[in-house]
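Source file: query-v1.tsv; contents: TSV, C-alpha atoms.
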chain	number	residue	atom	x	y	z
A	133	MET	CA	-24.18	5.56	20.92
A	134	ASP	CA	-25.16	7.88	18.05
A	135	PHE	CA	-22.81	9.16	15.40
A	136	SER	CA	-23.53	12.32	13.43
A	137	ASP	CA	-23.29	11.96	9.66
A	138	GLU	CA	-20.36	14.39	9.65
A	139	ALA	CA	-18.51	12.24	12.19
A	140	LYS	CA	-19.14	9.11	10.14
A	141	ARG	CA	-17.92	10.85	6.99
A	142	GLU	CA	-14.78	12.03	8.77
A	143	ILE	CA	-14.02	8.48	9.89
A	144	GLU	CA	-14.58	7.08	6.40
A	145	LYS	CA	-12.28	9.80	5.03
A	146	ASN	CA	-9.49	8.61	7.35
A	147	LEU	CA	-10.12	5.01	6.33
A	148	GLY	CA	-9.99	5.98	2.68
A	149	GLU	CA	-6.59	7.57	3.18
A	150	THR	CA	-5.28	4.37	4.75
A	151	ALA	CA	-6.84	2.20	2.04
A	152	ARG	CA	-5.24	4.25	-0.72
A	153	ASN	CA	-1.80	3.59	0.70
A	154	ILE	CA	-2.21	-0.09	1.37
A	155	SER	CA	-1.45	-2.31	-1.56
A	156	VAL	CA	-2.69	-5.77	-0.59
A	157	ASP	CA	-5.36	-8.24	-1.63
A	158	GLU	CA	-8.99	-7.25	-1.31
A	159	LYS	CA	-9.65	-9.68	1.56
A	160	GLU	CA	-6.76	-8.48	3.68
A	161	ARG	CA	-7.59	-4.86	2.91
A	162	THR	CA	-11.22	-5.32	4.00
A	163	GLU	CA	-10.08	-6.99	7.21
A	164	ILE	CA	-7.69	-4.12	8.01
A	165	MET	CA	-10.32	-1.49	7.15
A	166	ASN	CA	-12.98	-3.09	9.35
A	167	GLU	CA	-10.58	-3.30	12.26
A	168	LEU	CA	-9.50	0.32	11.84
A	169	ARG	CA	-13.13	1.45	11.45
A	170	SER	CA	-13.93	-0.15	14.78
A	171	THR	CA	-10.88	1.56	16.29
A	172	TYR	CA	-11.92	5.02	15.07
A	173	TYR	CA	-15.47	4.48	16.32
A	174	GLU	CA	-14.26	3.30	19.75
A	175	SER	CA	-11.88	6.22	20.04
A	176	ALA	CA	-14.55	8.75	18.97
A	177	MET	CA	-17.05	7.21	21.39
A	178	LYS	CA	-14.54	7.64	24.20
A	179	GLU	CA	-14.21	11.33	23.31
A	180	ALA	CA	-17.98	11.83	23.34
A	181	ARG	CA	-18.42	9.99	26.66
A	182	SER	CA	-15.58	11.95	28.26
A	183	ARG	CA	-17.67	15.08	27.80
A	184	GLY	CA	-20.80	13.29	28.98
A	185	SER	CA	-22.50	12.94	25.60
A	186	GLU	CA	-24.08	9.98	23.83
A	187	THR	CA	-23.68	11.58	20.41
A	188	VAL	CA	-20.40	11.64	18.55
A	189	THR	CA	-19.77	14.93	16.73
A	190	LEU	CA	-17.33	15.90	14.02
A	191	THR	CA	-15.02	17.37	16.68
A	192	ASP	CA	-15.00	14.04	18.54
A	193	ALA	CA	-14.12	12.22	15.34
A	194	ARG	CA	-11.29	14.68	14.66
A	195	THR	CA	-9.89	14.42	18.19
A	196	ALA	CA	-10.12	10.65	17.87
A	197	LYS	CA	-8.19	10.79	14.63
A	198	ALA	CA	-5.42	12.76	16.31
A	199	SER	CA	-5.21	10.30	19.20
A	200	VAL	CA	-4.60	7.24	17.03
A	201	SER	CA	-1.73	6.90	14.55
A	202	SER	CA	-2.12	8.83	11.29
A	203	PRO	CA	-3.77	6.95	8.39
A	204	ARG	CA	-0.66	7.20	6.25
A	205	GLU	CA	1.63	6.02	9.06
A	206	THR	CA	-0.63	3.04	9.76
A	207	ALA	CA	-0.74	2.10	6.08
A	208	ASP	CA	3.05	2.33	5.76
A	209	CYS	CA	3.62	0.25	8.90
A	210	PHE	CA	1.32	-2.46	7.58
A	211	MET	CA	3.15	-2.48	4.26
A	212	LYS	CA	6.55	-2.61	5.98
A	213	SER	CA	5.39	-5.56	8.09
A	214	TYR	CA	4.84	-7.56	4.89
A	215	ALA	CA	8.24	-6.62	3.47
A	216	THR	CA	10.17	-9.60	4.85
A	217	GLY	CA	7.73	-12.15	3.41
A	218	LEU	CA	7.70	-10.68	-0.09
A	219	LYS	CA	8.80	-12.79	-3.02
A	220	ARG	CA	10.34	-10.73	-5.80
A	221	ALA	CA	9.22	-11.46	-9.36
A	222	GLY	CA	11.90	-12.50	-11.84
A	223	PHE	CA	12.55	-11.92	-15.53
A	224	TRP	CA	10.01	-14.32	-17.09
A	225	TRP	CA	7.06	-13.21	-15.01
A	226	ARG	CA	7.81	-9.60	-15.71
A	227	LEU	CA	8.37	-10.22	-19.40
A	228	ALA	CA	4.98	-11.94	-19.56
A	229	ALA	CA	3.32	-8.97	-17.85
A	230	PHE	CA	5.12	-6.59	-20.21
A	231	LEU	CA	3.88	-8.54	-23.25
A	232	ILE	CA	0.30	-8.45	-21.95
A	233	ASP	CA	0.61	-4.71	-21.32
A	234	SER	CA	2.12	-4.14	-24.76
A	235	THR	CA	-0.75	-6.05	-26.39
A	236	ILE	CA	-3.32	-4.02	-24.48
A	237	LEU	CA	-1.49	-0.80	-25.36
A	238	CYS	CA	-1.39	-1.76	-29.06
A	239	MET	CA	-5.11	-2.44	-29.05
A	240	LEU	CA	-5.81	0.87	-27.31
A	241	ILE	CA	-3.64	2.73	-29.79
A	242	PHE	CA	-5.37	1.03	-32.71
A	243	LEU	CA	-8.73	1.97	-31.22
A	244	ILE	CA	-7.72	5.60	-30.84
A	245	MET	CA	-6.16	5.77	-34.26
A	246	SER	CA	-9.19	4.17	-35.89
A	247	PRO	CA	-10.87	7.51	-36.79
A	248	ILE	CA	-7.76	8.52	-38.74
A	249	LEU	CA	-7.26	5.07	-40.22
A	250	GLY	CA	-10.94	4.90	-41.16
A	251	PHE	CA	-10.76	8.33	-42.74
A	252	MET	CA	-7.75	7.33	-44.80
A	253	PHE	CA	-9.38	4.09	-45.84
A	254	PHE	CA	-12.72	5.51	-46.92
A	255	THR	CA	-11.30	8.50	-48.76
A	256	GLY	CA	-8.61	6.39	-50.41
A	257	MET	CA	-5.78	8.60	-49.21
A	258	PRO	CA	-2.43	7.50	-50.71
A	259	ILE	CA	0.21	7.16	-47.98
A	260	ASN	CA	3.38	5.78	-49.55
A	261	ASP	CA	3.95	8.41	-52.21
A	262	ASP	CA	4.44	11.98	-50.92
A	263	ALA	CA	3.60	13.64	-54.23
A	264	ALA	CA	0.44	11.59	-54.67
A	265	HIS	CA	-0.50	12.36	-51.07
A	266	GLU	CA	-0.18	16.09	-51.59
A	267	ALA	CA	-2.09	15.96	-54.89
A	268	TRP	CA	-4.84	14.00	-53.15
A	269	PHE	CA	-4.99	16.47	-50.30
A	270	ASN	CA	-5.26	19.48	-52.64
A	271	SER	CA	-8.03	17.80	-54.62
A	272	GLN	CA	-10.24	17.44	-51.54
A	273	SER	CA	-12.93	19.93	-50.58
A	274	PRO	CA	-12.04	22.36	-47.71
A	275	THR	CA	-14.60	20.62	-45.48
A	276	ILE	CA	-12.81	17.31	-45.79
A	277	GLU	CA	-9.45	18.95	-45.20
A	278	VAL	CA	-10.63	20.72	-42.04
A	279	LEU	CA	-12.33	17.57	-40.83
A	280	PHE	CA	-9.17	15.54	-41.32
A	281	ILE	CA	-6.94	18.05	-39.54
A	282	ALA	CA	-9.45	18.32	-36.68
A	283	THR	CA	-9.47	14.53	-36.33
A	284	VAL	CA	-5.69	14.38	-36.26
A	285	PHE	CA	-5.53	17.09	-33.61
A	286	THR	CA	-8.08	15.30	-31.42
A	287	VAL	CA	-6.50	11.92	-31.82
A	288	LEU	CA	-2.87	12.86	-31.22
A	289	PRO	CA	-3.30	14.23	-27.67
A	290	SER	CA	-5.41	11.19	-26.70
A	291	PHE	CA	-2.67	9.04	-28.17
A	292	LEU	CA	-0.09	10.73	-25.95
A	293	ILE	CA	-2.35	10.49	-22.89
A	294	ILE	CA	-2.85	6.76	-23.40
A	295	ILE	CA	0.83	6.04	-24.03
A	296	LEU	CA	2.10	7.99	-21.02
A	297	GLY	CA	-0.91	7.42	-18.78
A	298	TYR	CA	-0.78	3.65	-19.08
A	299	TYR	CA	2.44	3.17	-17.14
A	300	PHE	CA	2.76	6.47	-15.29
A	301	VAL	CA	-0.80	6.99	-14.08
A	302	ILE	CA	-2.21	3.47	-13.81
A	303	GLU	CA	0.87	2.01	-12.15
A	304	GLY	CA	1.38	5.12	-10.02
A	305	HIS	CA	-2.19	5.01	-8.77
A	306	PHE	CA	-2.82	1.28	-8.38
A	307	GLY	CA	0.72	0.01	-7.95
A	308	GLN	CA	0.20	-2.35	-10.88
A	309	THR	CA	-0.61	-2.31	-14.59
A	310	PRO	CA	-3.36	-4.54	-16.06
A	311	GLY	CA	-0.68	-7.05	-17.11
A	312	LYS	CA	0.75	-7.18	-13.61
A	313	TYR	CA	-2.75	-7.42	-12.16
A	314	LEU	CA	-3.52	-10.47	-14.30
A	315	LEU	CA	-0.28	-12.15	-13.20
A	316	ARG	CA	-0.69	-11.03	-9.58
A	317	LEU	CA	2.42	-8.85	-9.58
A	318	ARG	CA	2.76	-5.59	-7.70
A	319	VAL	CA	5.26	-2.72	-7.65
A	320	LEU	CA	6.37	-1.53	-4.23
A	321	ARG	CA	9.07	0.69	-2.77
A	322	THR	CA	12.03	-1.31	-1.49
A	323	ASP	CA	10.83	-0.85	2.09
A	324	GLY	CA	7.51	-2.49	1.16
A	325	THR	CA	5.35	0.66	1.10
A	326	LYS	CA	3.11	1.62	-1.81
A	327	ILE	CA	4.61	3.51	-4.74
A	328	GLY	CA	3.33	6.89	-5.99
A	329	TYR	CA	3.45	8.69	-9.34
A	330	LYS	CA	7.05	9.73	-8.84
A	331	GLU	CA	8.23	6.13	-8.61
A	332	ALA	CA	6.00	5.01	-11.47
A	333	ILE	CA	7.38	7.71	-13.77
A	334	LEU	CA	11.01	7.05	-12.86
A	335	ARG	CA	10.92	3.26	-13.17
A	336	ASN	CA	8.98	3.25	-16.45
A	337	LEU	CA	11.03	5.85	-18.34
A	338	SER	CA	13.08	3.14	-20.04
A	339	LYS	CA	9.98	1.41	-21.41
A	340	TYR	CA	9.51	4.21	-23.92
A	341	ASN	CA	12.74	3.47	-25.73
A	342	ASN	CA	13.29	0.04	-27.27
A	343	TYR	CA	17.07	0.10	-26.84
A	344	LEU	CA	17.01	1.53	-23.37
A	345	ILE	CA	14.62	-1.11	-22.02
A	346	ILE	CA	16.83	-3.94	-23.33
A	347	PHE	CA	19.87	-2.30	-21.76
A	348	ASP	CA	17.89	-1.76	-18.55
A	349	VAL	CA	16.82	-5.41	-18.35
A	350	LEU	CA	20.41	-6.53	-19.05
A	351	ILE	CA	21.54	-4.46	-16.08
A	352	MET	CA	19.08	-6.45	-13.95
A	353	LEU	CA	20.17	-9.82	-15.31
A	354	ILE	CA	23.89	-9.10	-14.99
A	355	PHE	CA	24.26	-6.88	-11.93
A	356	PHE	CA	21.13	-7.36	-9.84
A	357	PRO	CA	19.91	-10.92	-10.39
A	358	LYS	CA	19.31	-11.40	-6.67
A	359	GLU	CA	17.61	-8.05	-6.09
A	360	LYS	CA	15.62	-8.51	-9.32
A	361	GLN	CA	15.72	-4.80	-10.08
A	362	ARG	CA	16.21	-3.12	-13.44
A	363	GLY	CA	18.57	-0.14	-13.53
A	364	PHE	CA	15.57	2.19	-13.43
A	365	ASP	CA	14.12	0.20	-10.50
A	366	ARG	CA	17.35	0.99	-8.66
A	367	ILE	CA	16.94	4.69	-9.49
A	368	ALA	CA	13.27	4.74	-8.45
A	369	ASN	CA	13.95	2.53	-5.41
A	370	THR	CA	11.27	0.03	-6.42
A	371	ILE	CA	10.77	-3.75	-6.55
A	372	VAL	CA	8.25	-6.01	-8.27
A	373	VAL	CA	6.76	-8.73	-6.08
A	374	HIS	CA	4.28	-11.59	-6.29
A	375	SER	CA	1.24	-10.51	-4.31
A	376	LYS	CA	0.17	-12.68	-1.42
A	377	ALA	CA	-2.25	-15.39	-2.50
B	282	MET	CA	21.03	13.70	23.00
B	283	GLN	CA	17.24	13.73	23.26
B	284	ALA	CA	16.94	12.46	19.68
B	285	ASP	CA	19.42	9.66	20.38
B	286	LEU	CA	17.47	8.59	23.42
B	287	GLU	CA	14.21	8.62	21.49
B	288	LYS	CA	15.71	6.50	18.75
B	289	TRP	CA	16.91	3.96	21.29
B	290	GLN	CA	13.54	3.96	23.07
B	291	LYS	CA	11.89	3.20	19.76
B	292	GLU	CA	14.08	0.15	19.32
B	293	LEU	CA	13.40	-1.01	22.85
B	294	ARG	CA	9.69	-0.67	22.19
B	295	LYS	CA	10.01	-2.62	18.96
B	296	GLY	CA	11.60	-5.48	20.85
B	297	SER	CA	8.87	-5.59	23.47
B	298	THR	CA	5.78	-5.14	21.27
B	299	ARG	CA	5.03	-8.82	20.77
B	300	MET	CA	5.72	-9.70	24.38
B	301	ALA	CA	3.46	-6.93	25.64
B	302	LEU	CA	0.59	-7.93	23.33
B	303	LEU	CA	0.90	-11.65	24.12
B	304	SER	CA	1.08	-11.00	27.87
B	305	LEU	CA	-2.24	-9.17	27.88
B	306	LEU	CA	-3.88	-11.76	25.63
B	307	ASP	CA	-2.62	-14.44	28.00
B	308	TYR	CA	-4.89	-12.86	30.62
B	309	ARG	CA	-8.01	-12.51	28.42
B	310	ASP	CA	-9.23	-11.92	24.85
B	311	MET	CA	-9.03	-8.27	23.79
B	312	TYR	CA	-9.57	-6.11	20.70
B	313	GLY	CA	-6.88	-3.91	19.15
B	314	TYR	CA	-7.93	-0.55	20.55
B	315	GLU	CA	-8.34	-2.11	23.99
B	316	LEU	CA	-4.87	-3.70	23.83
B	317	THR	CA	-3.05	-0.45	23.03
B	318	GLY	CA	-5.12	1.44	25.60
B	319	GLU	CA	-4.46	-1.10	28.36
B	320	ILE	CA	-0.74	-1.30	27.67
B	321	ASN	CA	-0.47	2.49	27.85
B	322	ARG	CA	-2.54	2.56	31.04
B	323	VAL	CA	-0.76	-0.15	33.03
B	324	THR	CA	2.72	1.04	32.03
B	325	ALA	CA	1.72	4.69	32.62
B	326	GLY	CA	2.76	5.44	29.05
B	327	VAL	CA	6.28	4.01	29.39
B	328	ILE	CA	5.44	1.40	26.79
B	329	ALA	CA	3.37	3.63	24.53
B	330	LEU	CA	2.15	1.35	21.82
B	331	LYS	CA	0.34	2.98	18.91
B	332	GLU	CA	-2.01	1.34	16.42
B	333	ASN	CA	0.49	1.58	13.58
B	334	ASN	CA	2.90	-0.70	15.47
B	335	ALA	CA	0.41	-2.90	17.29
B	336	TYR	CA	-1.94	-3.84	14.45
B	337	PRO	CA	0.63	-5.09	11.94
B	338	ALA	CA	2.26	-7.07	14.78
B	339	LEU	CA	-1.10	-8.63	15.65
B	340	HIS	CA	-1.76	-9.57	12.03
B	341	GLN	CA	1.68	-11.08	11.71
B	342	MET	CA	1.30	-13.11	14.89
B	343	GLU	CA	-2.03	-14.34	13.60
B	344	ASP	CA	-0.39	-15.44	10.35
B	345	GLU	CA	2.22	-17.30	12.37
B	346	GLY	CA	-0.41	-19.04	14.46
B	347	LEU	CA	0.58	-17.42	17.76
B	348	ILE	CA	-2.86	-15.89	18.17
B	349	SER	CA	-6.29	-16.26	16.55
B	350	SER	CA	-9.10	-13.78	16.02
B	351	TYR	CA	-12.88	-13.50	15.82
B	352	TRP	CA	-15.37	-10.70	15.22
B	353	ASN	CA	-17.83	-9.82	17.92
B	354	GLU	CA	-20.81	-7.48	17.95
B	355	THR	CA	-20.76	-4.70	20.51
B	356	GLU	CA	-23.37	-2.12	21.50
B	357	PRO	CA	-25.87	-0.80	18.89
B	358	GLY	CA	-24.49	1.85	16.56
B	359	MET	CA	-20.95	0.55	16.89
B	360	PRO	CA	-19.15	-1.59	14.29
B	361	PRO	CA	-18.08	-5.12	15.35
B	362	ARG	CA	-14.77	-5.50	17.16
B	363	LYS	CA	-11.99	-7.84	16.15
B	364	TYR	CA	-10.98	-9.81	19.22
B	365	TYR	CA	-7.72	-11.67	19.52
B	366	SER	CA	-7.06	-14.72	21.66
B	367	ILE	CA	-3.78	-16.40	22.42
B	368	ALA	CA	-3.07	-19.82	20.85
B	369	PRO	CA	-1.09	-22.61	22.60
B	370	LYS	CA	1.86	-21.80	20.34
B	371	GLY	CA	1.67	-18.16	21.42
B	372	ARG	CA	1.51	-19.10	25.08
B	373	ALA	CA	4.66	-21.24	24.74
B	374	PHE	CA	6.38	-18.45	22.81
B	375	LEU	CA	5.48	-15.95	25.55
B	376	GLN	CA	7.01	-18.18	28.23
B	377	ASP	CA	10.22	-18.48	26.19
B	378	MET	CA	10.31	-14.72	25.64
B	379	LYS	CA	9.83	-14.02	29.35
B	380	ALA	CA	12.64	-16.42	30.27
B	381	GLU	CA	14.94	-14.78	27.71
B	382	TRP	CA	13.98	-11.32	28.97
B	383	LEU	CA	14.89	-12.24	32.56
B	384	LYS	CA	18.15	-13.78	31.43
B	385	HIS	CA	18.90	-10.63	29.49
B	386	ASN	CA	18.09	-8.43	32.49
B	387	GLU	CA	20.46	-10.44	34.71
B	388	ALA	CA	23.15	-10.20	32.05
B	389	VAL	CA	22.70	-6.43	31.83
B	390	ALA	CA	22.90	-6.20	35.65
B	391	SER	CA	26.22	-8.08	35.67
B	392	ILE	CA	27.56	-5.71	33.03
B	393	TRP	CA	26.51	-2.70	35.08
B	394	ASN	CA	28.11	-4.21	38.16
B	395	TYR	CA	31.34	-4.95	36.35
B	396	ARG	CA	34.31	-4.37	38.65
B	397	GLY	CA	36.93	-6.18	36.64

Output the structure of this file as structure tokens.
Amino acid sequence: MDFSDEAKREIEKNLGETARNISVDEKERTEIMNELRSTYYESAMKEARSRGSETVTLTDARTAKASVSSPRETADCFMKSYATGLKRAGFWWRLAAFLIDSTILCMLIFLIMSPILGFMFFTGMPINDDAAHEAWFNSQSPTIEVLFIATVFTVLPSFLIIILGYYFVIEGHFGQTPGKYLLRLRVLRTDGTKIGYKEAILRNLSKYNNYLIIFDVLIMLIFFPKEKQRGFDRIANTIVVHSKA
Amino acid sequence: MQADLEKWQKELRKGSTRMALLSLLDYRDMYGYELTGEINRVTAGVIALKENNAYPALHQMEDEGLISSYWNETEPGMPPRKYYSIAPKGRAFLQDMKAEWLKHNEAVASIWNYRG
């Protein structure tokens, strides 16, 4: 049986859609993908043979896709089937992940701020005294002034992107932050399916306010010790689990 | 009415997924796509099992030791197939399920025939 390149690409596209919505270990994911790949190929081959051909075309691959369950549906069903065996992660694990993430974030921020910090250091800019600061600024050549302002305006947006992107984008896309990855923790919807950006944004809002996050964690410890959900986890409908070893 | 019936059918199907899969594997080793196709064919679509329900069930049964699996090459140009075979534990479980199913059927019949 021959498969046209277009047909193969179509099949891999379907597999990619499933893979993106399955949040499991690499080994299990590979196993599922290989099994589904074989299924799509078998189904497409059947389509080609039913019209008396030994070459699978893009149309065959598309008809095959329609005849088996949708990639998203398959991914969700797999995730739901793991839901009963999930072990939710408690306070200490999550605190540890948060501390790792905070350390990484601090380092990233320092890295991004380093052009400004370096500038201030090498030009001897006074920072504690407002009057001295202004006098210093006025004494500089226009080139230096423009350069400094340009640096600040490049650094600040990157600063915002890093701060917001870290939890919203990384967790929304991968279902875990680097800290959670290191400790083998994963964020899922309560039904066991993979979270998206919406959930990541909602559940992480409280992390950007020092008082709110403490209050949020207290809500978990006092009201939801069994569910192991922060207040914002309840709002976002999410849980944090230990991934399968 | 139609929606209600469909919802109930879905639950019925859920309850018979494992039994259907194990019954076929009790006859011979099969791969996932073959299993769903055969179940649809022999039941004339009454038990219409789709991949999204069948595959997670197969993986779960494998985890529980009811079935085992192996990869086998097929014809050139095709990716290898994942075959499943029933384990002794699965065979015993199937027998128990069948017995329960029959008992349940008889019980349902006596309810239908209820005359006080």

Using only C-alpha atoms: which of B:Leu303, B:Ile328, B:Arg309, B:Ser350 has the shortest distance to Arg362 of chain B
B:Ser350

So what do you get for atom CA of Leu347 of chain B versus atom CA of Leu302 of chain B, distance-wise?
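Between these atoms lies a distance of 11.0 Å.
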
Pull out every residue of chain A that has at least one atom within 12 Å of chain B, counting only C-alpha atoms, and report them as a VMD selection string.
chain A and resid 133 to 136 140 150 160 to 161 163 to 178 186 to 188 196 to 217

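Here atom CA of Leu316 of chain B and atom CA of Tyr365 of chain B stand 9.5 Å from one another.
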
In Å, how far is it from atom CA of Leu218 of chain A to atom CA of Leu353 of chain A?
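Between atom CA of Leu218 of chain A and atom CA of Leu353 of chain A the gap works out to 19.7 Å.
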
Could you list, as a PDB file with C-alpha atoms, in the frame of the given file, every residue within 9 Å of segment 304-308 of chain B, counting all atoms listed in the file and ignoring same-chain residues fewer than 4 positions away?
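Contents of result_0.pdb, as written:
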ATOM      1  CA  ARG B 299       5.030  -8.820  20.770  1.00  0.00           C
ATOM      2  CA  MET B 300       5.720  -9.700  24.380  1.00  0.00           C
ATOM      3  CA  LEU B 316      -4.870  -3.700  23.830  1.00  0.00           C
ATOM      4  CA  GLU B 319      -4.460  -1.100  28.360  1.00  0.00           C
ATOM      5  CA  ILE B 320      -0.740  -1.300  27.670  1.00  0.00           C
ATOM      6  CA  ILE B 348      -2.860 -15.890  18.170  1.00  0.00           C
ATOM      7  CA  TYR B 365      -7.720 -11.670  19.520  1.00  0.00           C
ATOM      8  CA  SER B 366      -7.060 -14.720  21.660  1.00  0.00           C
ATOM      9  CA  ILE B 367      -3.780 -16.400  22.420  1.00  0.00           C
ATOM     10  CA  ALA B 368      -3.070 -19.820  20.850  1.00  0.00           C
ATOM     11  CA  GLY B 371       1.670 -18.160  21.420  1.00  0.00           C
ATOM     12  CA  ARG B 372       1.510 -19.100  25.080  1.00  0.00           C
ATOM     13  CA  LEU B 375       5.480 -15.950  25.550  1.00  0.00           C
TER      14      LEU B 375
END

Just want the 12 Å neighbourhood of Ile276 of chain A, counted on all atoms listed in the file, with same-chain residues fewer than 4 positions away dropped. Output as number ranges by chain.
A: 251-252, 254-255, 257, 268-272, 280-283

Which one is closest to Gly222 of chain A: A:Val287, A:Leu317, A:Val301, A:Ile346? Count all atoms listed in the file.
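For Gly222 of chain A, the nearest of the given residues is A:Leu317.
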
Spatial neighbours of segment 229-244 of chain A, max dist 10 Å, only C-alpha atoms, sep filter under 6 positions, as a short mmCIF file (atom, residue, chain, number, x, y, z; two decimals) with C-alpha atoms, in the frame of the given file:
data_model
loop_
_atom_site.label_atom_id
_atom_site.label_comp_id
_atom_site.auth_asym_id
_atom_site.auth_seq_id
_atom_site.Cartn_x
_atom_site.Cartn_y
_atom_site.Cartn_z
CA PHE A 223 12.55 -11.92 -15.53
CA THR A 286 -8.08 15.30 -31.42
CA VAL A 287 -6.50 11.92 -31.82
CA LEU A 288 -2.87 12.86 -31.22
CA SER A 290 -5.41 11.19 -26.70
CA PHE A 291 -2.67 9.04 -28.17
CA LEU A 292 -0.09 10.73 -25.95
CA ILE A 294 -2.85 6.76 -23.40
CA ILE A 295 0.83 6.04 -24.03
CA TYR A 298 -0.78 3.65 -19.08
CA TYR A 299 2.44 3.17 -17.14
CA THR A 309 -0.61 -2.31 -14.59
CA PRO A 310 -3.36 -4.54 -16.06
CA GLY A 311 -0.68 -7.05 -17.11
CA LYS A 312 0.75 -7.18 -13.61
CA TYR A 313 -2.75 -7.42 -12.16
CA LEU A 314 -3.52 -10.47 -14.30
CA LEU A 315 -0.28 -12.15 -13.20
CA ARG A 316 -0.69 -11.03 -9.58
CA LEU A 317 2.42 -8.85 -9.58
CA LYS A 339 9.98 1.41 -21.41
#

Counting all atoms listed in the file, the residue of A:Ala368, A:Gly307, A:Glu179, A:Arg318 that sits nearest Ala193 of chain A
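Selected residue with least distance to Ala193 of chain A: A:Glu179.
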
A:Thr322, A:Asp137, A:Lys358, A:Glu158 ranked by distance to Thr189 of chain A, top pick (using all atoms listed in the file):
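Comparing A:Thr322, A:Asp137, A:Lys358, A:Glu158 against Thr189 of chain A, the winner is A:Asp137.
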
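For the choices A:Trp225, A:Val284, A:Phe355, A:Val278, the atom-to-atom distance to Ile248 of chain A is smallest for A:Val284 when using all atoms listed in the file.
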
Closest to Ala373 of chain B among B:Thr355, B:Gly346, B:Trp393, B:Lys291, using all atoms listed in the file?
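Closest residue, counting all atoms listed in the file: B:Gly346.
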
N, CA and C atoms restored at segment 311-323 of chain A, emitted as a PDB file, keeping the file's coordinate frame:
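Resulting contents of out23.pdb:
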ATOM      1  N   GLY A 311      -1.472  -5.829 -16.933  1.00  0.00           N
ATOM      2  CA  GLY A 311      -0.680  -7.050 -17.110  1.00  0.00           C
ATOM      3  C   GLY A 311      -0.193  -7.606 -15.788  1.00  0.00           C
ATOM      4  N   LYS A 312       0.281  -6.743 -14.922  1.00  0.00           N
ATOM      5  CA  LYS A 312       0.750  -7.180 -13.610  1.00  0.00           C
ATOM      6  C   LYS A 312      -0.421  -7.669 -12.765  1.00  0.00           C
ATOM      7  N   TYR A 313      -1.557  -7.008 -12.922  1.00  0.00           N
ATOM      8  CA  TYR A 313      -2.750  -7.420 -12.160  1.00  0.00           C
ATOM      9  C   TYR A 313      -3.142  -8.851 -12.534  1.00  0.00           C
ATOM     10  N   LEU A 314      -3.130  -9.131 -13.837  1.00  0.00           N
ATOM     11  CA  LEU A 314      -3.520 -10.470 -14.300  1.00  0.00           C
ATOM     12  C   LEU A 314      -2.559 -11.535 -13.776  1.00  0.00           C
ATOM     13  N   LEU A 315      -1.285 -11.176 -13.659  1.00  0.00           N
ATOM     14  CA  LEU A 315      -0.280 -12.150 -13.200  1.00  0.00           C
ATOM     15  C   LEU A 315      -0.007 -12.020 -11.704  1.00  0.00           C
ATOM     16  N   ARG A 316      -0.801 -11.228 -11.028  1.00  0.00           N
ATOM     17  CA  ARG A 316      -0.690 -11.030  -9.580  1.00  0.00           C
ATOM     18  C   ARG A 316       0.686 -10.501  -9.176  1.00  0.00           C
ATOM     19  N   LEU A 317       1.155  -9.519  -9.932  1.00  0.00           N
ATOM     20  CA  LEU A 317       2.420  -8.850  -9.580  1.00  0.00           C
ATOM     21  C   LEU A 317       2.096  -7.458  -9.084  1.00  0.00           C
ATOM     22  N   ARG A 318       3.000  -6.899  -8.275  1.00  0.00           N
ATOM     23  CA  ARG A 318       2.760  -5.590  -7.700  1.00  0.00           C
ATOM     24  C   ARG A 318       4.081  -4.834  -7.584  1.00  0.00           C
ATOM     25  N   VAL A 319       4.055  -3.533  -7.817  1.00  0.00           N
ATOM     26  CA  VAL A 319       5.260  -2.720  -7.650  1.00  0.00           C
ATOM     27  C   VAL A 319       5.209  -2.041  -6.291  1.00  0.00           C
ATOM     28  N   LEU A 320       6.300  -2.168  -5.540  1.00  0.00           N
ATOM     29  CA  LEU A 320       6.370  -1.530  -4.230  1.00  0.00           C
ATOM     30  C   LEU A 320       7.691  -0.783  -4.098  1.00  0.00           C
ATOM     31  N   ARG A 321       7.770   0.110  -3.103  1.00  0.00           N
ATOM     32  CA  ARG A 321       9.070   0.690  -2.770  1.00  0.00           C
ATOM     33  C   ARG A 321       9.894  -0.404  -2.106  1.00  0.00           C
ATOM     34  N   THR A 322      11.203  -0.238  -2.053  1.00  0.00           N
ATOM     35  CA  THR A 322      12.030  -1.310  -1.490  1.00  0.00           C
ATOM     36  C   THR A 322      11.710  -1.586  -0.019  1.00  0.00           C
ATOM     37  N   ASP A 323      11.165  -0.586   0.691  1.00  0.00           N
ATOM     38  CA  ASP A 323      10.830  -0.850   2.090  1.00  0.00           C
ATOM     39  C   ASP A 323       9.448  -1.503   2.236  1.00  0.00           C
TER      40      ASP A 323
END
